[in-house]
Structures are given as structure tokens and as C-alpha cells.
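Okay, coords_1.cif is below, mmCIF, C-alpha atoms; chains and numbers go by the auth columns:
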```
data_upload
#
loop_
_atom_site.group_PDB
_atom_site.id
_atom_site.type_symbol
_atom_site.label_atom_id
_atom_site.label_comp_id
_atom_site.label_asym_id
_atom_site.label_seq_id
_atom_site.Cartn_x
_atom_site.Cartn_y
_atom_site.Cartn_z
_atom_site.B_iso_or_equiv
_atom_site.auth_seq_id
_atom_site.auth_asym_id
ATOM 1 C CA MET A 1 12.711 -27.142 19.781 0.00 1 A
ATOM 2 C CA ASP A 2 14.565 -30.172 20.951 0.00 2 A
ATOM 3 C CA SER A 3 17.545 -29.940 23.245 0.00 3 A
ATOM 4 C CA PRO A 4 20.465 -32.394 23.470 0.00 4 A
ATOM 5 C CA GLU A 5 18.363 -34.122 26.139 0.00 5 A
ATOM 6 C CA GLY A 6 15.488 -34.633 23.693 0.00 6 A
ATOM 7 C CA PRO A 7 12.136 -32.962 23.143 0.00 7 A
ATOM 8 C CA PRO A 8 10.348 -30.996 25.857 0.00 8 A
ATOM 9 C CA PRO A 9 7.409 -32.617 27.649 0.00 9 A
ATOM 10 C CA GLU A 10 4.289 -33.206 25.545 0.00 10 A
ATOM 11 C CA ARG A 11 2.254 -30.703 27.574 0.00 11 A
ATOM 12 C CA LEU A 12 4.743 -27.990 26.551 0.00 12 A
ATOM 13 C CA ARG A 13 4.959 -29.091 22.905 0.00 13 A
ATOM 14 C CA THR A 14 1.215 -28.582 22.453 0.00 14 A
ATOM 15 C CA LEU A 15 0.663 -25.275 24.264 0.00 15 A
ATOM 16 C CA PRO A 16 -0.628 -22.731 21.718 0.00 16 A
ATOM 17 C CA SER A 17 1.003 -19.863 23.641 0.00 17 A
ATOM 18 C CA ARG A 18 4.388 -21.597 23.587 0.00 18 A
ATOM 19 C CA LEU A 19 4.101 -22.548 19.911 0.00 19 A
ATOM 20 C CA THR A 20 3.094 -18.989 19.010 0.00 20 A
ATOM 21 C CA ASN A 21 6.095 -17.631 20.892 0.00 21 A
ATOM 22 C CA GLN A 22 8.479 -20.050 19.170 0.00 22 A
ATOM 23 C CA ALA A 23 7.012 -19.154 15.767 0.00 23 A
ATOM 24 C CA ALA A 24 7.307 -15.433 16.575 0.00 24 A
ATOM 25 C CA GLN A 25 10.963 -15.832 17.540 0.00 25 A
ATOM 26 C CA THR A 26 11.669 -17.552 14.231 0.00 26 A
ATOM 27 C CA ALA A 27 9.703 -14.943 12.261 0.00 27 A
ATOM 28 C CA ASN A 28 11.518 -12.082 14.016 0.00 28 A
ATOM 29 C CA ARG A 29 14.915 -13.640 13.292 0.00 29 A
ATOM 30 C CA ILE A 30 14.080 -14.075 9.596 0.00 30 A
ATOM 31 C CA VAL A 31 12.722 -10.513 9.274 0.00 31 A
ATOM 32 C CA ASP A 32 15.626 -9.000 11.226 0.00 32 A
ATOM 33 C CA GLN A 33 18.132 -10.764 8.966 0.00 33 A
ATOM 34 C CA ALA A 34 16.323 -9.595 5.818 0.00 34 A
ATOM 35 C CA LEU A 35 16.202 -5.991 7.007 0.00 35 A
ATOM 36 C CA ALA A 36 19.837 -6.116 8.150 0.00 36 A
ATOM 37 C CA ARG A 37 20.867 -6.876 4.561 0.00 37 A
ATOM 38 C CA ALA A 38 19.464 -3.420 3.717 0.00 38 A
ATOM 39 C CA GLY A 39 21.119 -1.820 6.752 0.00 39 A
ATOM 40 C CA VAL A 40 17.854 -1.146 8.592 0.00 40 A
ATOM 41 C CA ARG A 41 15.897 -2.423 11.577 0.00 41 A
ATOM 42 C CA ARG A 42 12.211 -3.152 12.157 0.00 42 A
ATOM 43 C CA TYR A 43 11.694 0.315 13.692 0.00 43 A
ATOM 44 C CA HIS A 44 12.904 1.903 10.453 0.00 44 A
ATOM 45 C CA TYR A 45 10.443 -0.141 8.433 0.00 45 A
ATOM 46 C CA ALA A 46 7.544 0.515 10.830 0.00 46 A
ATOM 47 C CA LEU A 47 8.160 4.262 10.848 0.00 47 A
ATOM 48 C CA LEU A 48 8.445 4.545 7.062 0.00 48 A
ATOM 49 C CA ALA A 49 5.333 2.383 6.601 0.00 49 A
ATOM 50 C CA ALA A 50 3.304 4.524 9.018 0.00 50 A
ATOM 51 C CA LEU A 51 4.393 7.756 7.352 0.00 51 A
ATOM 52 C CA GLU A 52 3.662 6.432 3.873 0.00 52 A
ATOM 53 C CA GLU A 53 0.231 5.106 4.816 0.00 53 A
ATOM 54 C CA TYR A 54 -1.005 7.836 7.164 0.00 54 A
ATOM 55 C CA GLY A 55 0.992 10.892 6.138 0.00 55 A
ATOM 56 C CA PRO A 56 2.965 13.387 8.227 0.00 56 A
ATOM 57 C CA ALA A 57 2.680 13.098 11.987 0.00 57 A
ATOM 58 C CA SER A 58 4.306 14.154 15.217 0.00 58 A
ATOM 59 C CA GLN A 59 6.940 11.899 16.720 0.00 59 A
ATOM 60 C CA ALA A 60 4.622 11.231 19.660 0.00 60 A
ATOM 61 C CA ALA A 61 1.742 10.181 17.384 0.00 61 A
ATOM 62 C CA LEU A 62 4.078 7.962 15.384 0.00 62 A
ATOM 63 C CA GLY A 63 5.302 6.333 18.575 0.00 63 A
ATOM 64 C CA ARG A 64 1.754 5.549 19.666 0.00 64 A
ATOM 65 C CA ARG A 65 0.769 4.251 16.232 0.00 65 A
ATOM 66 C CA THR A 66 3.838 2.013 15.805 0.00 66 A
ATOM 67 C CA GLY A 67 4.490 1.046 19.431 0.00 67 A
ATOM 68 C CA ILE A 68 7.972 2.559 19.295 0.00 68 A
ATOM 69 C CA ASP A 69 9.117 3.910 22.664 0.00 69 A
ATOM 70 C CA ARG A 70 9.826 7.657 22.858 0.00 70 A
ATOM 71 C CA SER A 71 13.607 7.275 23.294 0.00 71 A
ATOM 72 C CA ASP A 72 13.784 4.746 20.445 0.00 72 A
ATOM 73 C CA MET A 73 11.610 7.034 18.305 0.00 73 A
ATOM 74 C CA VAL A 74 14.085 9.910 18.634 0.00 74 A
ATOM 75 C CA ALA A 75 16.991 7.682 17.607 0.00 75 A
ATOM 76 C CA THR A 76 15.017 6.163 14.719 0.00 76 A
ATOM 77 C CA VAL A 77 13.892 9.555 13.411 0.00 77 A
ATOM 78 C CA ASN A 78 17.441 10.905 13.713 0.00 78 A
ATOM 79 C CA ASP A 79 18.834 7.934 11.806 0.00 79 A
ATOM 80 C CA LEU A 80 16.262 8.125 9.010 0.00 80 A
ATOM 81 C CA ALA A 81 16.645 11.910 8.776 0.00 81 A
ATOM 82 C CA GLU A 82 20.426 11.515 8.382 0.00 82 A
ATOM 83 C CA ARG A 83 19.749 9.098 5.523 0.00 83 A
ATOM 84 C CA ARG A 84 17.309 11.633 4.016 0.00 84 A
ATOM 85 C CA LEU A 85 14.479 9.089 4.148 0.00 85 A
ATOM 86 C CA LEU A 86 12.305 11.451 6.149 0.00 86 A
ATOM 87 C CA GLU A 87 12.182 15.113 7.069 0.00 87 A
ATOM 88 C CA ARG A 88 11.507 16.607 10.463 0.00 88 A
ATOM 89 C CA ALA A 89 10.231 20.157 10.852 0.00 89 A
ATOM 90 C CA PRO A 90 8.661 22.182 13.662 0.00 90 A
ATOM 91 C CA ASP A 91 4.874 21.943 13.786 0.00 91 A
ATOM 92 C CA PRO A 92 3.521 25.362 12.714 0.00 92 A
ATOM 93 C CA GLU A 93 0.698 25.023 15.272 0.00 93 A
ATOM 94 C CA ASP A 94 2.971 23.992 18.163 0.00 94 A
ATOM 95 C CA ARG A 95 6.657 24.798 17.725 0.00 95 A
ATOM 96 C CA ARG A 96 7.544 22.513 20.656 0.00 96 A
ATOM 97 C CA ARG A 97 6.826 19.418 18.595 0.00 97 A
ATOM 98 C CA ASN A 98 8.162 18.111 15.299 0.00 98 A
ATOM 99 C CA ILE A 99 6.197 16.887 12.328 0.00 99 A
ATOM 100 C CA VAL A 100 7.824 14.016 10.465 0.00 100 A
ATOM 101 C CA THR A 101 7.272 13.444 6.728 0.00 101 A
ATOM 102 C CA ILE A 102 8.526 10.671 4.458 0.00 102 A
ATOM 103 C CA THR A 103 10.666 11.808 1.512 0.00 103 A
ATOM 104 C CA ALA A 104 10.717 10.505 -2.052 0.00 104 A
ATOM 105 C CA ALA A 105 13.893 8.592 -1.144 0.00 105 A
ATOM 106 C CA GLY A 106 12.051 7.177 1.860 0.00 106 A
ATOM 107 C CA ARG A 107 9.235 5.942 -0.378 0.00 107 A
ATOM 108 C CA ARG A 108 11.761 4.240 -2.678 0.00 108 A
ATOM 109 C CA GLN A 109 13.498 2.660 0.323 0.00 109 A
ATOM 110 C CA LEU A 110 10.141 1.482 1.693 0.00 110 A
ATOM 111 C CA ALA A 111 9.299 -0.190 -1.642 0.00 111 A
ATOM 112 C CA ASP A 112 12.650 -2.022 -1.494 0.00 112 A
ATOM 113 C CA LEU A 113 11.998 -3.009 2.121 0.00 113 A
ATOM 114 C CA ASP A 114 8.506 -4.244 1.212 0.00 114 A
ATOM 115 C CA ARG A 115 10.126 -6.694 -1.223 0.00 115 A
ATOM 116 C CA LEU A 116 12.565 -7.877 1.465 0.00 116 A
ATOM 117 C CA ILE A 117 9.732 -8.290 3.975 0.00 117 A
ATOM 118 C CA ALA A 118 7.626 -10.220 1.443 0.00 118 A
ATOM 119 C CA ALA A 119 10.532 -12.590 0.795 0.00 119 A
ATOM 120 C CA ALA A 120 11.015 -13.012 4.563 0.00 120 A
ATOM 121 C CA GLN A 121 7.325 -13.835 4.972 0.00 121 A
ATOM 122 C CA ASP A 122 7.620 -16.428 2.219 0.00 122 A
ATOM 123 C CA GLU A 123 10.643 -17.958 3.942 0.00 123 A
ATOM 124 C CA PHE A 124 8.845 -18.074 7.281 0.00 124 A
ATOM 125 C CA LEU A 125 5.644 -19.536 5.839 0.00 125 A
ATOM 126 C CA ALA A 126 7.417 -21.884 3.397 0.00 126 A
ATOM 127 C CA PRO A 127 5.924 -25.110 4.830 0.00 127 A
ATOM 128 C CA LEU A 128 2.351 -23.827 4.428 0.00 128 A
ATOM 129 C CA PRO A 129 0.273 -23.791 1.218 0.00 129 A
ATOM 130 C CA ALA A 130 -1.463 -20.522 0.286 0.00 130 A
ATOM 131 C CA ALA A 131 -4.802 -21.454 1.878 0.00 131 A
ATOM 132 C CA ASP A 132 -3.122 -22.343 5.184 0.00 132 A
ATOM 133 C CA ARG A 133 -1.122 -19.102 5.102 0.00 133 A
ATOM 134 C CA GLN A 134 -4.322 -17.082 4.751 0.00 134 A
ATOM 135 C CA ASN A 135 -6.007 -19.133 7.458 0.00 135 A
ATOM 136 C CA LEU A 136 -3.074 -18.504 9.811 0.00 136 A
ATOM 137 C CA ILE A 137 -3.206 -14.773 9.105 0.00 137 A
ATOM 138 C CA ASP A 138 -6.961 -14.746 9.746 0.00 138 A
ATOM 139 C CA LEU A 139 -6.602 -16.643 13.025 0.00 139 A
ATOM 140 C CA LEU A 140 -3.726 -14.489 14.275 0.00 140 A
ATOM 141 C CA THR A 141 -5.617 -11.330 13.315 0.00 141 A
ATOM 142 C CA ARG A 142 -8.596 -12.504 15.372 0.00 142 A
ATOM 143 C CA LEU A 143 -6.399 -13.310 18.375 0.00 143 A
ATOM 144 C CA VAL A 144 -4.563 -9.998 18.216 0.00 144 A
ATOM 145 C CA GLY A 145 -7.840 -8.121 17.723 0.00 145 A
ATOM 146 C CA HIS A 146 -9.438 -9.842 20.672 0.00 146 A
ATOM 147 C CA HIS A 147 -6.519 -9.293 23.029 0.00 147 A
ATOM 148 C CA GLY A 148 -5.245 -6.012 21.564 0.00 148 A
ATOM 149 C CA ASP A 149 -7.122 -3.786 24.024 0.00 149 A
ATOM 150 C CA LYS A 150 -5.846 -5.822 26.975 0.00 150 A
ATOM 151 C CA ARG A 151 -2.111 -5.119 26.533 0.00 151 A
ATOM 152 C CA ASN A 152 -1.876 -2.637 29.368 0.00 152 A
#
```
Write the structure described by the file as C-alpha cells, please.
Amino acid sequence: MDSPEGPPPERLRTLPSRLTNQAAQTANRIVDQALARAGVRRYHYALLAALEEYGPASQAALGRRTGIDRSDMVATVNDLAERRLLERAPDPEDRRRNIVTITAAGRRQLADLDRLIAAAQDEFLAPLPAADRQNLIDLLTRLVGHHGDKRN
């Protein structure tokens, strides 16, 4: 991104890490705006997607699976429960923890959100033809897979 003073130095403009970060910032803005139109945030989408794909789970397990911090998980579960998009009930095997389950309304909301997310992806990837989009996804998947275990 250029500033009023002009473009950054060439060595910065060609750093893959910097370009990836700039692309991620743009992608996050586009996705956040799309989800905001539906009155939700990325955490809502991630939680509903995890529940729909993997089934009922404890809040702790959902936090680990989605990368949502414990305090944010409580707020997200509370919000989605108030909207009746998920249900929370004591675990019959350990009453100290809750099991969270997506509702039928949650599945309908997730389908709507999937359409918003798909449109946001299309907006983000608009300058790329289909083959380049798939290539980018493949390359990013390899990078994330390679470095995924090194996050800590």
C-alpha cells in the first residue's frame, strides 16, 4: 500500500510475509463486513461451523478446535444461545462442563452465512482466475500445514 509519500521500499514490497499480511488484512476486512451485514462476527461463524461439522462438544473442546479464547468462547456461546442458534446443557458425564449443540435455526443461519462467506471470498479473490485461486489455496494450505505445529 502506497502512502502519500509514495510506495514503500522495493525490499518491503516483495517480502512474501509482508504481502501475506496485507492480503490477510484485506480478506479479514471483507469477511468482517459481510458477516456484520448478518449481525454476526467470525467467532459466531467458526463456532457454528465446528458444531455442524463435528457435532456436540464441550466449550473447552470447541475453543481448542476453533482457536477461540476461553473468555471469548463464553461470550460467543452466550450470544448464540440467546439467539437460539445453539443449545448448551450440562454434560451428563461431568456436570461441571457444558455440551454445546447446534440447533435447526443455527444450521439455517450457518447456510446463510456460508453464502455470505462465499461472496466475500469471491470479492477478495476477484482479480484471480479460477486456476490461480485454487493454486493460492493449495500454496497457503501447504504453508499453514508446515508451520501449523510451530505456533506455540
request  = List the neighbours of Leu113 of chain A out to 9 Å using all atoms listed in the file; skip same-chain residues closer than 5 positions along the sequence, and give me the result as a list in words.
outcome  =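 Surrounding residues, per the criterion: Ala34, Leu35, Ala38, Val40, Tyr45, Arg108 and Ala118 of chain A.
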Can you tell me, as lines of an AutoDock Vina configuration file, the centre and edge lengths (Å, one decimal) of the axis-aligned box enclosing all of segment 32-46 of chain A's listed atoms after padding each side by 6 Å?
```
center_x = 14.3
center_y = -4.4
center_z = 8.7
size_x = 25.6
size_y = 24.7
size_z = 22.0
```
task = Would you be able to write out as a list in words which residues have an atom within 6 Å of (12.6, 11.8, 5.4) in the file's coordinates, counting all atoms listed in the file?
result =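 Every polymer residue passing the test: Ala81, Arg84, Leu85, Leu86, Glu87, Thr101, Ile102, Thr103 and Gly106 of chain A.
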task = For atom CA of Ile68 of chain A and atom CA of Glu82 of chain A, determine how far apart the two atoms are, in Å to one decimal place.
result =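 Going from atom CA of Ile68 of chain A over to atom CA of Glu82 of chain A covers 18.8 Å.
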note = For Glu52 of chain A, the closest of A:Arg64, A:Arg97, A:Arg83, A:Arg107 counting all atoms listed in the file is A:Arg107
request  = Just the residues within 10 Å of Ala27 of chain A, please, counting only C-alpha atoms, with nothing from its chain fewer than 3 positions along; format it as a count of residues only.
outcome  = 13
ask   = Once the PyMOL selection byres ((chain A and resi 56-58) around 7) has been applied to the shown file, what residues remain in the selection, as a PyMOL selection string?
value = chain A and resi 51+54-55+59-62+97-101
May I have the residues from that selection written out with C-alpha atoms, as a PDB file, in the coordinates of the input?
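Result file is selection.pdb:
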```
ATOM      1  CA  LEU A  51       4.393   7.756   7.352  1.00  0.00           C
ATOM      2  CA  TYR A  54      -1.005   7.836   7.164  1.00  0.00           C
ATOM      3  CA  GLY A  55       0.992  10.892   6.138  1.00  0.00           C
ATOM      4  CA  GLN A  59       6.940  11.899  16.720  1.00  0.00           C
ATOM      5  CA  ALA A  60       4.622  11.231  19.660  1.00  0.00           C
ATOM      6  CA  ALA A  61       1.742  10.181  17.384  1.00  0.00           C
ATOM      7  CA  LEU A  62       4.078   7.962  15.384  1.00  0.00           C
ATOM      8  CA  ARG A  97       6.826  19.418  18.595  1.00  0.00           C
ATOM      9  CA  ASN A  98       8.162  18.111  15.299  1.00  0.00           C
ATOM     10  CA  ILE A  99       6.197  16.887  12.328  1.00  0.00           C
ATOM     11  CA  VAL A 100       7.824  14.016  10.465  1.00  0.00           C
ATOM     12  CA  THR A 101       7.272  13.444   6.728  1.00  0.00           C
TER      13      THR A 101
END
```
message = Quick check on the file I pasted: which residues fall under the PyMOL selection byres ((chain A and resi 43) around 9)? Write them as a list in words.
response =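 Those residues are Val40, Arg41, Arg42, His44, Tyr45, Ala46, Leu47, Leu48, Thr66, Ile68, Asp72, Met73 and Thr76 of chain A.
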ask   = Quick one, how far is atom CA of Leu80 of chain A from atom CA of Leu116 of chain A?
value =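 Going from atom CA of Leu80 of chain A over to atom CA of Leu116 of chain A covers 18.1 Å.
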ask   = Pick from A:Arg96, A:His147, A:Arg37, A:Arg11: nearest to Asp112 of chain A, with all atoms listed in the file counted?
value =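 For Asp112 of chain A, the nearest of the given residues is A:Arg37.
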ask   = In Å, with one decimal, what is the gap from atom CA of Gly63 of chain A to atom CA of Asp91 of chain A?
value =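 Atom CA of Asp91 of chain A lies 16.3 Å from atom CA of Gly63 of chain A.
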